[in-house]
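In what follows, a single structure is set out as structure tokens and then discussed.
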Amino acid sequence: MNGKPPSPRTTLPEGLVSLADHATLAHTALSPEADAYFNGGAADETTLRENVAAWQRLRLHPRVLRPLAGGHTRVQLLGRTLAHPVLIAPMAYQRLAHPHGEMATALAAAVLGAGFVLSTQASVPLEDVAHTVLGEAERGPLWFQLYLQPDRAFTRDLVHRAEAAGYEALVLTVDAPVNGARDRERRAGFALPSGITAINLQGLRPPKPQTLRPGQSPLFEDLLTHAPTWDDVAWLRSVTRLPLLLKGVTHPADARLAVQTGAHGLIVSNHGGRTLDTMPATAELLPAVMQAVGGEVPVLVDGGIRRGTDVLKAMALGAAAVLVGRPVIHGLANAGATGVAHVIRLLRDELEIAMALCGCQTLAEAAMSLGRPADRH
């Protein structure tokens with residue numbers, strides 16, 4: 001990376017009242033290369049834009065004069081009661097945004113009661129994050145995101161490290177056997193700077209390259225010979241005691257296969273528009289996955305959540321919770337842990353306002369906000 005960001009902030013400037021404000025300010029806090037990495041998407045970024053637009057197209061249908069006293073945002077997820085349904089999505093190399101990186105994000109999430117999912121490609125040790133947050137009484141769930149590695153022994157050891165550190169579930173990302181064509185990153189010349197690495201993957205040896213004949217594809221005849229399959233998911237289930245969620249399931253047939261393979265939950269995700277461009281938005285993909293699963297396991301969703309109204313709409317469509325990505329990076333870049341906490345607080349405040357204005361005392365009644373039957377009338 002050639003450009004250097006300004007000195008990291010630790011306090012928020014006045015006037016930030018929305019996640020959009022955070023996004024605008026973050027452009028001045030991130031280096032041009034880091035900005036392209038975090039904010040860019042695949043190819044023409046159609047899916048990146050659609051993720052946001054699809055939530056906006058959904059229209060709320062408020063009910064009036066309903067009893068609201070004693071309302072709350074609590075939800076149940078994998079045997080735990082969460083103060084609210086907002087989790088932090090797994091995002092790599094957060095020290096690109098702020099020197100405190102994942103440590104600051106995890107701490108802010110714990111203090112605000114949000115769940116936190118640590119990326120395999122985190123820039124800090126997974127044990128350090130767990131040690132920082134596990135003692136926080138009001139914290140949300142702590143999960144570890146995993147990319148299956150060609151070396152099964154390394155993957156097994158990494159999983160056991162997460163178990164020993166106190167992580168409560170594994171999130172297996174299944175929609176990125178290769179990176180998307182990220183034009184914005186390539187134009188910016190993105191490369192990891194010295195001192196920032198996927199530290200939890202240290203010691204992993206890359207597979208020996210295949211010897212290719214003229215005309216053979218380096219992608220299909222080499223790299224993708226190690227791409228994970230459903231057999232690898234079954235193997236992973238056999239080597240861990242932790243609940244397993246699959247992230248990146250968007251097709252109903254895959255949702256049914258995931259349940260049959262023993263997944264404890266699904267996350268409807270198109271990788272934030274960073275892999276396959278022109279995929280539908282996650283708001284459009286969620287209902288079919290919900291129908292395919294039929295309530296057998298919880299289904300979460302990420303992609304394009306920018307307002308508390310988006311959270312309410314996701315819950316109205318049946319999601320068990322939502323995950324938030326880029327806005328958290330914006331808060332981190334803007335003011336470290338303070339910025340992340342502000343982003344989470346804004347979302348929760350907006351969610352409560354939206355619930356009240358739609359006549360929803362609890363999120364069990366969220367479907368009513370989209371004009372659908374609720375638990376009570």
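Please note that chains go A, B, ... in the order of the structure tokens, that every chain numbers its residues from 1, and that ligands are numbered from 1 in the order shown.
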Could you list, as a PyMOL selection string, every residue within 7 Å of segment 70-82 of chain A, counting only C-alpha atoms and ignoring same-chain residues fewer than 6 positions away? chain A and resi 140+320+361-363
Just list as number ranges by chain whatever in segment 78-310 of chain A DSSP marks as strand (DSSP E or B). A: 80-82, 86-88, 115-118, 142-146, 169-173, 244-247, 265-268, 299-302
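Atom to atom, atom CA of Ala198 of chain A and atom CA of Val239 of chain A stand 22.9 Å apart.
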So which residues touch segment 301-317 of chain A within 9 Å, counting only C-alpha atoms, skipping near sequence neighbours fewer than 6 positions away, as a PyMOL selection string? chain A and resi 18-20+48-56+58-60+85-86+89+247+266-273+281-283+286-287+290+323-327+346-355+363-370+372
Find the residues of segment 230-307 of chain A that sit at most 10 Å from segment 146-166 of chain A; for each, write down the nearest two atoms and how far apart they are in Å, to one decimal. Count only C-alpha atoms. Sort by chain, then by number going up, and give it as a tab-separated table.
```
residue	atom	partner	partner_atom	distance
A:Asp232	CA	A:Leu148	CA	8.0
A:Val233	CA	A:Leu148	CA	8.8
A:Trp235	CA	A:Arg152	CA	9.3
A:Leu236	CA	A:Arg156	CA	7.9
A:Val239	CA	A:Arg156	CA	6.8
A:Thr240	CA	A:Val159	CA	7.1
A:Arg241	CA	A:Glu163	CA	8.1
A:Leu242	CA	A:Glu163	CA	7.3
A:Leu246	CA	A:Leu146	CA	9.7
A:Lys247	CA	A:Leu146	CA	9.7
```
What is the distance between atom CA of Pro32 of chain A and atom CA of Met103 of chain A, in Å to one decimal? 23.0 Å
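Across A:Leu276, A:Ala122, A:Ala319, A:Leu96, the tightest approach to Ala34 of chain A is made by A:Leu96 when counting only C-alpha atoms.
Within 7 Å of segment 199-212 of chain A there are Thr120, Gln121, Ala122, Ser123, Val124, Pro125, Leu126, Phe154, Gln216 and Asp222 of chain A, counting only C-alpha atoms and ignoring same-chain residues fewer than 4 positions away.
The gap separating atom CA of Gly113 of chain A from atom CA of Cys360 of chain A is 21.1 Å, in Å to one decimal.
All residues of protein, DNA or RNA that reach within 8 Å of Leu87 of chain A, judged by only C-alpha atoms and not counting those fewer than 5 positions away in the chain, are Ala109, Ala114, Gly115, Phe116, Val117, Gly140, Ala321, Val322, Leu323 and Val324 of chain A.
Near Ala191 of chain A, within 12 Å and counting only C-alpha atoms, sit Met1, Asn2, Gly3, Ser31, Pro32, Glu33, Ala34, Ala36, Tyr37, Tyr93, Leu96, Glu185, Arg186, Ile196 and Thr197 of chain A, not including residues fewer than 5 positions from it in the same chain.
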Would you mind exporting the chosen residues as a tab-separated table (two decimals), in the first residue's frame, restricted to N, CA and C atoms?
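As written to disk, selection38.tsv reads:
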```
chain	number	residue	atom	x	y	z
A	1	MET	N	0.85	-1.19	0.00
A	1	MET	CA	0.00	0.00	0.00
A	1	MET	C	0.89	1.24	0.00
A	2	ASN	N	0.60	2.17	-0.89
A	2	ASN	CA	1.46	3.33	-1.04
A	2	ASN	C	1.03	4.50	-0.17
A	3	GLY	N	-0.28	4.77	-0.13
A	3	GLY	CA	-0.77	5.89	0.66
A	3	GLY	C	-0.90	5.55	2.11
A	31	SER	N	-6.81	4.78	4.04
A	31	SER	CA	-5.96	5.01	2.88
A	31	SER	C	-6.74	4.67	1.61
A	32	PRO	N	-6.35	5.20	0.46
A	32	PRO	CA	-7.08	4.86	-0.77
A	32	PRO	C	-7.13	3.37	-1.04
A	33	GLU	N	-6.04	2.65	-0.72
A	33	GLU	CA	-6.02	1.21	-0.96
A	33	GLU	C	-6.94	0.47	-0.01
A	34	ALA	N	-6.92	0.84	1.26
A	34	ALA	CA	-7.81	0.20	2.22
A	34	ALA	C	-9.26	0.54	1.93
A	36	ALA	N	-10.54	1.02	-1.01
A	36	ALA	CA	-10.94	0.17	-2.12
A	36	ALA	C	-11.18	-1.26	-1.65
A	37	TYR	N	-10.34	-1.74	-0.74
A	37	TYR	CA	-10.48	-3.11	-0.25
A	37	TYR	C	-11.78	-3.29	0.52
A	93	TYR	N	-8.54	-8.53	8.18
A	93	TYR	CA	-7.50	-7.49	8.21
A	93	TYR	C	-8.00	-6.14	8.72
A	96	LEU	N	-6.13	-2.74	9.01
A	96	LEU	CA	-6.03	-1.79	7.90
A	96	LEU	C	-6.85	-0.54	8.17
A	185	GLU	N	-10.30	-2.81	-6.26
A	185	GLU	CA	-9.05	-3.17	-5.56
A	185	GLU	C	-7.87	-3.14	-6.52
A	186	ARG	N	-8.06	-3.72	-7.70
A	186	ARG	CA	-6.94	-3.82	-8.65
A	186	ARG	C	-6.53	-2.44	-9.16
A	196	ILE	N	0.86	-6.48	8.65
A	196	ILE	CA	-0.53	-6.94	8.71
A	196	ILE	C	-0.63	-8.23	7.91
A	197	THR	N	-0.97	-9.30	8.60
A	197	THR	CA	-1.09	-10.62	7.97
A	197	THR	C	-2.30	-11.35	8.53
```
Using the chain letters and numbers from this document, which residues of segment 97-341 of chain A does DSSP assign to alpha helix (DSSP H), as number ranges by chain? A: 101-111, 126-133, 152-165, 183-188, 230-238, 252-260, 282-293, 308-316, 326-341
Best match for closeness to Thr250 of chain A among A:Asn39, A:Gly101, A:Pro298, A:Pro280, counting only C-alpha atoms: A:Pro280
